[in-house]
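Accompanying notes for the structure given below.
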Amino acid sequence: MSVTNDIKSLLPHREPFLFVDEILSCDKDGSVSTHTFTDKEFFFKGHFPQYPVVPGVILVETMAQSGGAALSYQKIFSDGSLFFLGTVDKAKFRHQVRPGDTVRMEVKNLRVTPHMIKQSGKAYVGETLCAEAEWMCLVGKADAV
């Protein structure tokens, strides 16, 4: 049973760059979310046309979006907060993710302050570990227009 699949209310991202379908669980320690990569993803046209594979950087983005959406769901930050990826560390890509795969992101909150988020995550297809990383996001607001 999912906690929510209303991800658009939690993140400013939109298609084709929204990579979270639902949050399955979340608390102060972390979260579990999913996303299914379809054969319609924009990057498969070039990565690679004869053998489509989700790029590693997209898997890192998917984990970071999952962690941010879960914190937004818990109302940790004020409405309208944006998370700007600042660093990525310890990234490892262990198994390919292909069209049709549902990825489960398990994210741990390492440190959360009003202006910074440090998280780690693992991305699985079934029980197969596909990617893992640590990242830091700065928390801010969009400049007023």
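So you can find residues: chains in the structure tokens are A, B, ... in the order shown, residues in each start at 1, and ligands are numbered from 1 in order.
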With a cut-off of 12 Å, could you pull out the residues of stretch 14-63 of chain A touching stretch 122-126 of chain A and give me the nearest pair of atoms for each, distance in Å to one decimal, using only C-alpha atoms, ordered by chain and ascending number, as JSON lines?
```
{"residue": "A:Gly30", "atom": "CA", "partner": "A:Lys122", "partner_atom": "CA", "distance": 11.6}
{"residue": "A:Ser31", "atom": "CA", "partner": "A:Lys122", "partner_atom": "CA", "distance": 10.9}
{"residue": "A:Val32", "atom": "CA", "partner": "A:Lys122", "partner_atom": "CA", "distance": 9.7}
{"residue": "A:Ser33", "atom": "CA", "partner": "A:Ala123", "partner_atom": "CA", "distance": 9.6}
{"residue": "A:Thr34", "atom": "CA", "partner": "A:Ala123", "partner_atom": "CA", "distance": 9.1}
{"residue": "A:His35", "atom": "CA", "partner": "A:Val125", "partner_atom": "CA", "distance": 10.1}
{"residue": "A:Thr36", "atom": "CA", "partner": "A:Val125", "partner_atom": "CA", "distance": 9.7}
{"residue": "A:Phe37", "atom": "CA", "partner": "A:Val125", "partner_atom": "CA", "distance": 10.9}
{"residue": "A:Gly56", "atom": "CA", "partner": "A:Ala123", "partner_atom": "CA", "distance": 10.7}
{"residue": "A:Ile58", "atom": "CA", "partner": "A:Ala123", "partner_atom": "CA", "distance": 11.2}
{"residue": "A:Leu59", "atom": "CA", "partner": "A:Ala123", "partner_atom": "CA", "distance": 7.4}
{"residue": "A:Val60", "atom": "CA", "partner": "A:Ala123", "partner_atom": "CA", "distance": 8.6}
{"residue": "A:Glu61", "atom": "CA", "partner": "A:Ala123", "partner_atom": "CA", "distance": 10.9}
{"residue": "A:Thr62", "atom": "CA", "partner": "A:Ala123", "partner_atom": "CA", "distance": 8.7}
{"residue": "A:Met63", "atom": "CA", "partner": "A:Ala123", "partner_atom": "CA", "distance": 7.1}
```
Got a sec to tell me which of stretch 9-102 of chain A DSSP assigns to strand (DSSP E), as a ChimeraX atom specification? /A:22-27,30-36,81-93,102
Quick one: everything within 9 Å of A:Leu18, counting only C-alpha atoms, minus sequence neighbours fewer than 6 positions away in the same chain. Send it as a compact mmCIF listing (two decimals) with N, CA and C atoms, in the first residue's frame.
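Below is the file that was written, part18.txt:
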```
# COMPACT_ATOMS: atom_id res chain seq x y z
N ILE A 7 2.78 12.71 -6.46
CA ILE A 7 4.15 13.21 -6.41
C ILE A 7 4.24 14.65 -6.93
N LYS A 8 3.39 15.01 -7.88
CA LYS A 8 3.44 16.36 -8.44
C LYS A 8 3.12 17.43 -7.40
N LEU A 11 6.92 17.66 -5.55
CA LEU A 11 8.12 18.05 -6.28
C LEU A 11 7.77 19.02 -7.40
N PRO A 12 8.68 19.92 -7.75
CA PRO A 12 8.43 20.82 -8.89
C PRO A 12 8.71 20.15 -10.24
N THR A 62 16.90 9.92 -9.76
CA THR A 62 15.70 9.23 -9.29
C THR A 62 15.75 9.03 -7.78
N GLN A 65 15.33 12.54 -6.12
CA GLN A 65 13.93 12.97 -6.18
C GLN A 65 13.09 12.21 -5.16
```
Write out as a CSV table (one decimal) with C-alpha atoms, in the first residue's frame all residues of stretch 35-91 of chain A that backbone DSSP assigns to alpha helix (DSSP H).
```
chain,number,residue,atom,x,y,z
A,56,GLY,CA,23.5,6.2,-14.2
A,57,VAL,CA,23.0,9.9,-13.6
A,58,ILE,CA,19.3,9.4,-14.1
A,59,LEU,CA,19.3,6.7,-11.4
A,60,VAL,CA,21.1,9.1,-9.0
A,61,GLU,CA,18.5,11.8,-9.9
A,62,THR,CA,15.7,9.2,-9.3
A,63,MET,CA,17.0,8.4,-5.8
A,64,ALA,CA,17.5,12.1,-5.0
A,65,GLN,CA,13.9,13.0,-6.2
A,66,SER,CA,12.6,10.1,-4.1
A,67,GLY,CA,14.3,11.4,-1.0
A,68,GLY,CA,13.1,15.0,-1.6
A,69,ALA,CA,9.6,13.9,-2.2
A,70,ALA,CA,9.4,11.9,1.0
A,71,LEU,CA,10.7,14.9,3.0
A,72,SER,CA,8.2,17.2,1.3
A,73,TYR,CA,5.4,14.7,2.1
```
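Every protein, DNA or RNA residue with an atom at most 8 Å from stretch 135-142 of chain A, where only C-alpha atoms count and chain neighbours fewer than 4 positions away do not, is listed here: A:Ala64, A:Gly80, A:Ser81, A:Leu82, A:Phe83, A:Phe84, A:Leu85, A:Gly86, A:Thr87, A:Val88, A:Asp89, A:Pro114, A:His115, A:Met116, A:Ile117, A:Lys118, A:Gln119, A:Ser120.
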Go ahead and dump the residues you just picked, all heavy atoms, as a compact mmCIF listing (two decimals), in the first residue's frame.
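Written out: part-v8.txt:
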```
# COMPACT_ATOMS: atom_id res chain seq x y z
N ALA A 64 17.54 10.82 -5.61
CA ALA A 64 17.47 12.14 -4.98
C ALA A 64 16.04 12.69 -5.00
O ALA A 64 15.56 13.24 -4.00
CB ALA A 64 18.43 13.11 -5.66
N GLY A 80 6.87 25.15 -1.24
CA GLY A 80 7.61 25.83 -2.29
C GLY A 80 9.11 25.69 -2.21
O GLY A 80 9.83 26.26 -3.03
N SER A 81 9.61 24.93 -1.24
CA SER A 81 11.05 24.71 -1.14
C SER A 81 11.53 23.89 -2.34
O SER A 81 10.84 22.99 -2.80
CB SER A 81 11.40 23.98 0.16
OG SER A 81 11.18 24.80 1.27
N LEU A 82 12.71 24.22 -2.80
CA LEU A 82 13.35 23.50 -3.89
C LEU A 82 14.63 22.87 -3.37
O LEU A 82 15.30 23.42 -2.50
CB LEU A 82 13.68 24.44 -5.05
CG LEU A 82 12.49 25.16 -5.70
CD1 LEU A 82 12.99 26.15 -6.74
CD2 LEU A 82 11.55 24.15 -6.33
N PHE A 83 14.98 21.71 -3.93
CA PHE A 83 16.19 21.01 -3.53
C PHE A 83 17.15 21.01 -4.72
O PHE A 83 16.83 20.47 -5.77
CB PHE A 83 15.87 19.58 -3.11
CG PHE A 83 14.72 19.48 -2.13
CD1 PHE A 83 13.59 18.75 -2.44
CD2 PHE A 83 14.78 20.14 -0.92
CE1 PHE A 83 12.54 18.67 -1.54
CE2 PHE A 83 13.72 20.07 -0.02
CZ PHE A 83 12.61 19.33 -0.32
N PHE A 84 18.32 21.62 -4.52
CA PHE A 84 19.31 21.75 -5.58
C PHE A 84 20.46 20.79 -5.30
O PHE A 84 21.14 20.93 -4.29
CB PHE A 84 19.82 23.19 -5.67
CG PHE A 84 18.74 24.19 -5.95
CD1 PHE A 84 18.15 24.90 -4.93
CD2 PHE A 84 18.31 24.40 -7.25
CE1 PHE A 84 17.14 25.83 -5.19
CE2 PHE A 84 17.30 25.32 -7.52
CZ PHE A 84 16.72 26.03 -6.48
N LEU A 85 20.65 19.81 -6.18
CA LEU A 85 21.69 18.82 -6.00
C LEU A 85 23.05 19.51 -5.95
O LEU A 85 23.40 20.28 -6.86
CB LEU A 85 21.64 17.81 -7.16
CG LEU A 85 22.41 16.51 -7.00
CD1 LEU A 85 21.94 15.73 -5.78
CD2 LEU A 85 22.24 15.66 -8.25
N GLY A 86 23.80 19.29 -4.86
CA GLY A 86 25.08 19.96 -4.67
C GLY A 86 26.28 19.04 -4.84
O GLY A 86 27.28 19.42 -5.44
N THR A 87 26.19 17.83 -4.30
CA THR A 87 27.27 16.87 -4.44
C THR A 87 26.70 15.48 -4.64
O THR A 87 25.58 15.18 -4.22
CB THR A 87 28.20 16.83 -3.20
OG1 THR A 87 27.46 16.33 -2.08
CG2 THR A 87 28.78 18.20 -2.87
N VAL A 88 27.49 14.63 -5.28
CA VAL A 88 27.20 13.21 -5.40
C VAL A 88 28.50 12.49 -5.05
O VAL A 88 29.55 12.80 -5.61
CB VAL A 88 26.74 12.83 -6.83
CG1 VAL A 88 26.56 11.31 -6.94
CG2 VAL A 88 25.45 13.55 -7.19
N ASP A 89 28.42 11.55 -4.12
CA ASP A 89 29.58 10.80 -3.68
C ASP A 89 29.28 9.32 -3.68
O ASP A 89 28.12 8.90 -3.59
CB ASP A 89 29.98 11.21 -2.25
CG ASP A 89 30.42 12.66 -2.15
OD1 ASP A 89 31.34 13.04 -2.89
OD2 ASP A 89 29.83 13.40 -1.33
N PRO A 114 17.53 22.94 8.02
CA PRO A 114 16.65 23.82 7.23
C PRO A 114 17.22 24.21 5.87
O PRO A 114 16.48 24.61 4.98
CB PRO A 114 16.51 25.06 8.13
CG PRO A 114 16.72 24.54 9.52
CD PRO A 114 17.75 23.46 9.39
N HIS A 115 18.55 24.09 5.69
CA HIS A 115 19.16 24.55 4.44
C HIS A 115 19.90 23.46 3.67
O HIS A 115 20.46 23.74 2.60
CB HIS A 115 20.12 25.71 4.72
CG HIS A 115 19.44 26.86 5.39
ND1 HIS A 115 18.54 27.68 4.75
CD2 HIS A 115 19.50 27.31 6.67
CE1 HIS A 115 18.09 28.59 5.59
NE2 HIS A 115 18.64 28.39 6.76
N MET A 116 19.93 22.23 4.19
CA MET A 116 20.73 21.18 3.57
C MET A 116 20.16 19.80 3.88
O MET A 116 19.66 19.56 4.97
CB MET A 116 22.17 21.28 4.08
CG MET A 116 23.16 20.36 3.42
SD MET A 116 23.34 18.75 4.22
CE MET A 116 23.82 19.16 5.86
N ILE A 117 20.26 18.92 2.88
CA ILE A 117 19.85 17.53 3.04
C ILE A 117 21.03 16.65 2.61
O ILE A 117 21.58 16.84 1.53
CB ILE A 117 18.65 17.17 2.12
CG1 ILE A 117 17.46 18.07 2.40
CG2 ILE A 117 18.29 15.70 2.26
CD1 ILE A 117 16.41 18.01 1.28
N LYS A 118 21.43 15.72 3.46
CA LYS A 118 22.43 14.71 3.10
C LYS A 118 21.74 13.36 3.19
O LYS A 118 21.16 13.02 4.22
CB LYS A 118 23.62 14.78 4.06
CG LYS A 118 24.69 13.76 3.80
CD LYS A 118 25.60 14.14 2.67
CE LYS A 118 26.75 13.13 2.57
NZ LYS A 118 27.59 13.36 1.43
N GLN A 119 21.75 12.60 2.08
CA GLN A 119 21.06 11.33 2.02
C GLN A 119 21.94 10.29 1.33
O GLN A 119 22.88 10.63 0.62
CB GLN A 119 19.74 11.45 1.24
CG GLN A 119 18.72 12.33 1.93
CD GLN A 119 17.46 12.53 1.11
OE1 GLN A 119 17.52 12.83 -0.08
NE2 GLN A 119 16.31 12.38 1.75
N SER A 120 21.59 9.04 1.55
CA SER A 120 22.19 7.94 0.79
C SER A 120 21.05 7.09 0.27
O SER A 120 19.95 7.09 0.83
CB SER A 120 23.14 7.10 1.66
OG SER A 120 22.42 6.42 2.67
```
d(atom CA of A:Glu106, atom CA of A:Gly121) in Å: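 A separation of 5.5 Å between them.
The spacing separating atom CA of A:Ser9 from atom CA of A:Asp27 amounts to 18.2 Å.
Between atom CA of A:Ala131 and atom CA of A:Phe93 there is a distance of 4.4 Å.
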Contacts of stretch 45-50 of chain A at 12 Å (only C-alpha atoms; same-chain gap of 5+ positions) as an NGL selection string: :A and (39-40 or 55-58 or 96-99)
Would you mind telling me which residue in A:Val54, A:Leu24, A:Thr38, A:Asn109 lies nearest to A:Asn5 when using only C-alpha atoms? A:Leu24
